[in-house]
Each structure stands twice: as structure tokens, then as C-alpha cells.
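This is protein-v2.txt (compact mmCIF, C-alpha atoms).
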```
# COMPACT_ATOMS: atom_id res chain seq x y z
CA MET A 1 -10.75 41.03 1.54
CA LYS A 2 -10.21 40.42 -2.16
CA HIS A 3 -7.56 37.81 -1.40
CA LEU A 4 -9.89 36.03 1.04
CA LYS A 5 -12.65 35.88 -1.59
CA ALA A 6 -10.20 34.39 -4.08
CA VAL A 7 -9.13 31.72 -1.59
CA LEU A 8 -12.74 30.89 -0.67
CA SER A 9 -13.76 30.65 -4.33
CA LYS A 10 -10.81 28.31 -4.98
CA ILE A 11 -11.89 26.10 -2.06
CA ALA A 12 -15.50 26.07 -3.30
CA GLU A 13 -14.27 25.17 -6.79
CA CYS A 14 -12.24 22.27 -5.40
CA LEU A 15 -15.24 21.00 -3.43
CA ASN A 16 -17.18 20.74 -6.69
CA TYR A 17 -14.63 18.39 -8.28
CA HIS A 18 -14.57 15.42 -5.88
CA PRO A 19 -16.33 16.16 -2.59
CA VAL A 20 -16.38 12.56 -1.35
CA HIS A 21 -12.60 12.33 -1.71
CA ILE A 22 -12.26 15.46 0.42
CA ILE A 23 -14.58 14.06 3.11
CA LEU A 24 -12.69 10.75 3.18
CA GLY A 25 -9.39 12.60 3.34
CA LEU A 26 -10.45 14.90 6.16
CA VAL A 27 -11.85 12.07 8.29
CA THR A 28 -8.83 9.84 7.71
CA SER A 29 -6.43 12.68 8.49
CA ALA A 30 -8.32 13.46 11.71
CA ILE A 31 -8.15 9.80 12.76
CA GLY A 32 -4.45 9.78 11.95
CA ILE A 33 -3.77 12.88 14.05
CA TYR A 34 -5.73 11.34 16.93
CA LEU A 35 -3.76 8.09 16.72
CA ILE A 36 -0.46 9.99 16.63
CA CYS A 37 -1.42 11.95 19.76
CA LYS A 38 -2.96 9.03 21.68
CA ASP A 39 -0.21 6.51 22.50
CA ASP A 40 -2.31 4.13 24.58
CA TYR A 41 -5.44 3.71 22.45
CA TYR A 42 -4.99 0.04 21.56
CA PHE A 43 -4.63 -2.58 24.29
CA TRP A 44 -5.27 -5.84 22.45
CA PRO A 45 -3.56 -8.12 21.46
CA PRO A 46 -1.01 -7.48 24.19
CA CYS A 47 1.95 -8.56 22.06
CA MET A 48 1.07 -6.02 19.32
CA THR A 49 0.17 -2.94 21.37
CA SER A 50 3.56 -1.32 20.88
CA PHE A 51 3.16 -1.55 17.10
CA PHE A 52 -0.48 -0.47 16.95
CA ASN A 53 0.16 2.44 19.33
CA SER A 54 3.28 3.56 17.47
CA ASP A 55 3.13 6.63 15.30
CA TYR A 56 3.41 4.50 12.13
CA ILE A 57 -0.31 3.71 12.04
CA GLY A 58 -1.33 7.31 12.68
CA THR A 59 1.15 8.60 10.11
CA TRP A 60 -0.17 6.10 7.57
CA ALA A 61 -3.68 7.44 8.11
CA LEU A 62 -2.55 11.07 8.02
CA LEU A 63 -0.60 10.68 4.78
CA THR A 64 -3.41 8.69 3.16
CA GLY A 65 -5.92 11.39 4.10
CA LEU A 66 -3.71 14.17 2.79
CA GLY A 67 -3.15 12.18 -0.40
CA LEU A 68 -6.89 11.83 -0.93
CA ILE A 69 -7.31 15.58 -0.44
CA TYR A 70 -4.47 16.17 -2.95
CA VAL A 71 -6.23 13.98 -5.50
CA ALA A 72 -9.52 15.75 -4.85
CA VAL A 73 -8.24 19.27 -5.52
CA LYS A 74 -7.00 18.34 -8.97
CA LYS A 75 -9.41 19.01 -11.84
CA ALA A 76 -8.39 15.82 -13.59
CA ILE A 77 -7.74 13.04 -11.10
CA PRO A 78 -4.28 11.53 -11.50
CA SER A 79 -5.47 7.92 -11.82
CA ASN A 80 -2.36 6.19 -10.45
CA ALA A 81 -2.25 8.41 -7.37
CA ASN A 82 -5.99 7.98 -6.91
CA ASN A 83 -5.67 4.19 -7.04
CA ILE A 84 -2.76 4.15 -4.59
CA PHE A 85 -4.45 6.40 -2.05
CA LEU A 86 -7.80 4.62 -2.30
CA LEU A 87 -6.18 1.21 -1.82
CA SER A 88 -4.20 2.58 1.12
CA GLN A 89 -7.48 3.93 2.49
CA CYS A 90 -9.06 0.46 2.17
CA GLY A 91 -6.15 -1.16 4.00
CA PHE A 92 -6.17 1.33 6.84
CA THR A 93 -9.94 1.41 7.22
CA GLY A 94 -10.27 -2.38 7.09
CA GLY A 95 -7.62 -2.81 9.76
CA GLU A 96 -9.12 -0.07 11.89
CA THR A 97 -12.57 -1.63 11.60
CA PHE A 98 -11.27 -5.02 12.74
CA LEU A 99 -9.27 -3.56 15.63
CA GLU A 100 -12.17 -1.43 16.86
CA PHE A 101 -14.57 -4.38 16.75
CA ALA A 102 -12.11 -6.72 18.48
CA HIS A 103 -11.38 -4.14 21.20
CA GLY A 104 -15.11 -3.54 21.68
CA ILE A 105 -15.81 -7.26 22.09
CA ILE A 106 -12.85 -7.89 24.42
CA ALA A 107 -13.49 -4.84 26.62
CA ASN A 108 -17.30 -5.07 26.33
CA ASN A 109 -17.26 -1.44 25.19
CA ASN A 110 -20.35 -0.50 23.20
CA HIS A 111 -18.80 2.73 21.94
CA MET A 112 -15.96 0.87 20.24
CA ILE A 113 -18.37 -1.61 18.67
CA THR A 114 -20.51 1.24 17.38
CA PHE A 115 -17.44 3.00 16.00
CA SER A 116 -16.42 -0.22 14.25
CA PHE A 117 -19.74 -0.26 12.41
CA ALA A 118 -19.25 3.39 11.46
CA MET A 119 -15.79 2.47 10.13
CA LEU A 120 -17.35 -0.41 8.19
CA GLY A 121 -19.71 2.06 6.51
CA TYR A 122 -16.72 4.28 5.80
CA LEU A 123 -14.96 1.29 4.21
CA LEU A 124 -18.02 0.55 2.06
CA ILE A 125 -18.04 4.17 0.84
CA THR A 126 -14.39 3.74 -0.18
CA PHE A 127 -15.28 0.55 -2.07
CA TRP A 128 -18.10 2.42 -3.79
CA ILE A 129 -15.70 5.16 -4.92
CA ILE A 130 -13.29 2.57 -6.29
CA ARG A 131 -16.13 0.82 -8.13
CA ASN A 132 -17.39 4.05 -9.70
CA ASP A 133 -13.93 5.38 -10.57
CA ASN A 134 -14.09 6.73 -14.12
CA SER A 135 -10.38 6.37 -14.80
CA LEU A 136 -10.52 2.61 -14.29
CA ASP A 137 -13.62 2.28 -16.48
CA HIS A 138 -12.04 4.44 -19.18
CA LYS A 139 -8.90 2.30 -19.30
CA THR A 140 -10.92 -0.90 -19.46
CA ALA A 141 -13.14 0.46 -22.24
CA LYS A 142 -10.06 1.51 -24.20
CA ARG A 143 -8.54 -1.97 -23.91
CA ILE A 144 -11.79 -3.61 -25.00
CA LYS A 145 -12.04 -1.35 -28.08
CA LYS A 146 -8.42 -2.12 -28.99
CA ARG A 147 -9.06 -5.85 -28.62
CA ASP A 148 -12.20 -5.64 -30.77
CA ARG A 149 -10.33 -3.78 -33.52
CA GLN A 150 -7.64 -6.45 -33.53
CA LEU A 151 -10.24 -9.22 -33.74
CA GLU A 152 -11.99 -7.51 -36.68
CA ARG A 153 -8.73 -7.35 -38.63
CA ARG A 154 -8.27 -11.12 -38.44
```

Can I see the file as C-alpha cells?
Amino acid sequence: MKHLKAVLSKIAECLNYHPVHIILGLVTSAIGIYLICKDDYYFWPPCMTSFFNSDYIGTWALLTGLGLIYVAVKKAIPSNANNIFLLSQCGFTGGETFLEFAHGIIANNNHMITFSFAMLGYLLITFWIIRNDNSLDHKTAKRIKKRDRQLERR
């Protein structure tokens, strides 16, 4: 029981650091697992179905989601890893949004069109996280201060 309390307190502590990263990571990992298991999800364009239905796309999503969860459980976000996983998230989510919308239009499937709009919202949340990323702002502020000091010396 004591060990379980320690594990639960560690999980609760991690959720306090970066909860949006954890949510993004869990959703992306779940989509990745689904795409790995479902080998006939995509049907358009016909010449690309073998690539889109391959396990590469699902594995990309799974590893990106696990990477976002890894970044989230760290107290101090490793900025390079955060940037890589967030950009990978943008690439996957943007492609997924386009494919879902295109499939919904071609098949006249309202569920796929609705899911594409949900994925678009998910993509916008990822853009918001990138925009509000403190590590990027900190680096930029540091460069500006350095530049200002050099200009004052002249």
C-alpha cells in the first residue's frame, strides 16, 4: 500500500508539471496504437494506401506521443527534445487532419469530417504550446540582451 501511494504521488506530481503535454502524448499514442492495429483504415488515394496503412505512420504517432509524455514528466523540460517532439506532433497531426478530411469528403462520411475538425483543434493546441514555450522565449531574450550589450559597447 505504501508503494502504491508513492507511485500515485509521483504520477500526481508529474501531472502538475506539464499536463497538456501529457494529454497530447496520450491521445497521440492512442491514435498510433489504433493505426498500427488497423491495417485498412486509409483507402484514398489508392496509390498511397499501402504506405498510409503501413505501421510506419502508427509507429511515428506512438513514438511522438511517448516522447511528449517523456518531456512532460521531467521537472525542467529538455528544450531540444521538446522542440523535436512538438514539431513531430505538428507534422503528424497536420497530415492526419488532411487525410481525415479528404477521406470524409471522398466517402461522404460525416464522422471522418467531424474527426478532421477535432484533429484541427488538436493541431491548434499544439501550435499554442509551441507559441507559449518558455524555453524558446528564454533563449530569444538571452540573445537580445547579448546583442544590446554589444551595441552599448560600441

* Selected residue, from A:Ala72, A:Met112, A:Leu124, A:Ile130, that lies nearest to A:Tyr41 when counting only C-alpha atoms -> A:Met112

* Pick from A:Ala118, A:Leu63, A:Met1, A:Leu99, whichever lies nearest to A:Gly32 using all atoms listed in the file ->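 For A:Gly32, the nearest of the given residues is A:Leu63.
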
* Structure fact -> Correct to one decimal, the distance atom CA of A:Thr59-atom CA of A:Pro46 is 21.5 Å

* Asked: Hey, what's within 7 Å of stretch 89-95 of chain A if we count all atoms listed in the file and toss same-chain stuff fewer than 3 positions away? As number ranges by chain, please?
  -> A: 61, 64, 85-86, 98-99, 119, 123, 126

* Can you list, as a PyMOL selection string, every protein, DNA or RNA residue that comes within 10 Å of A:Val27 when you count all atoms listed in the file, leaving out same-chain residues fewer than 5 positions away? -> chain A and resi 22+32-33+61-62+65+122
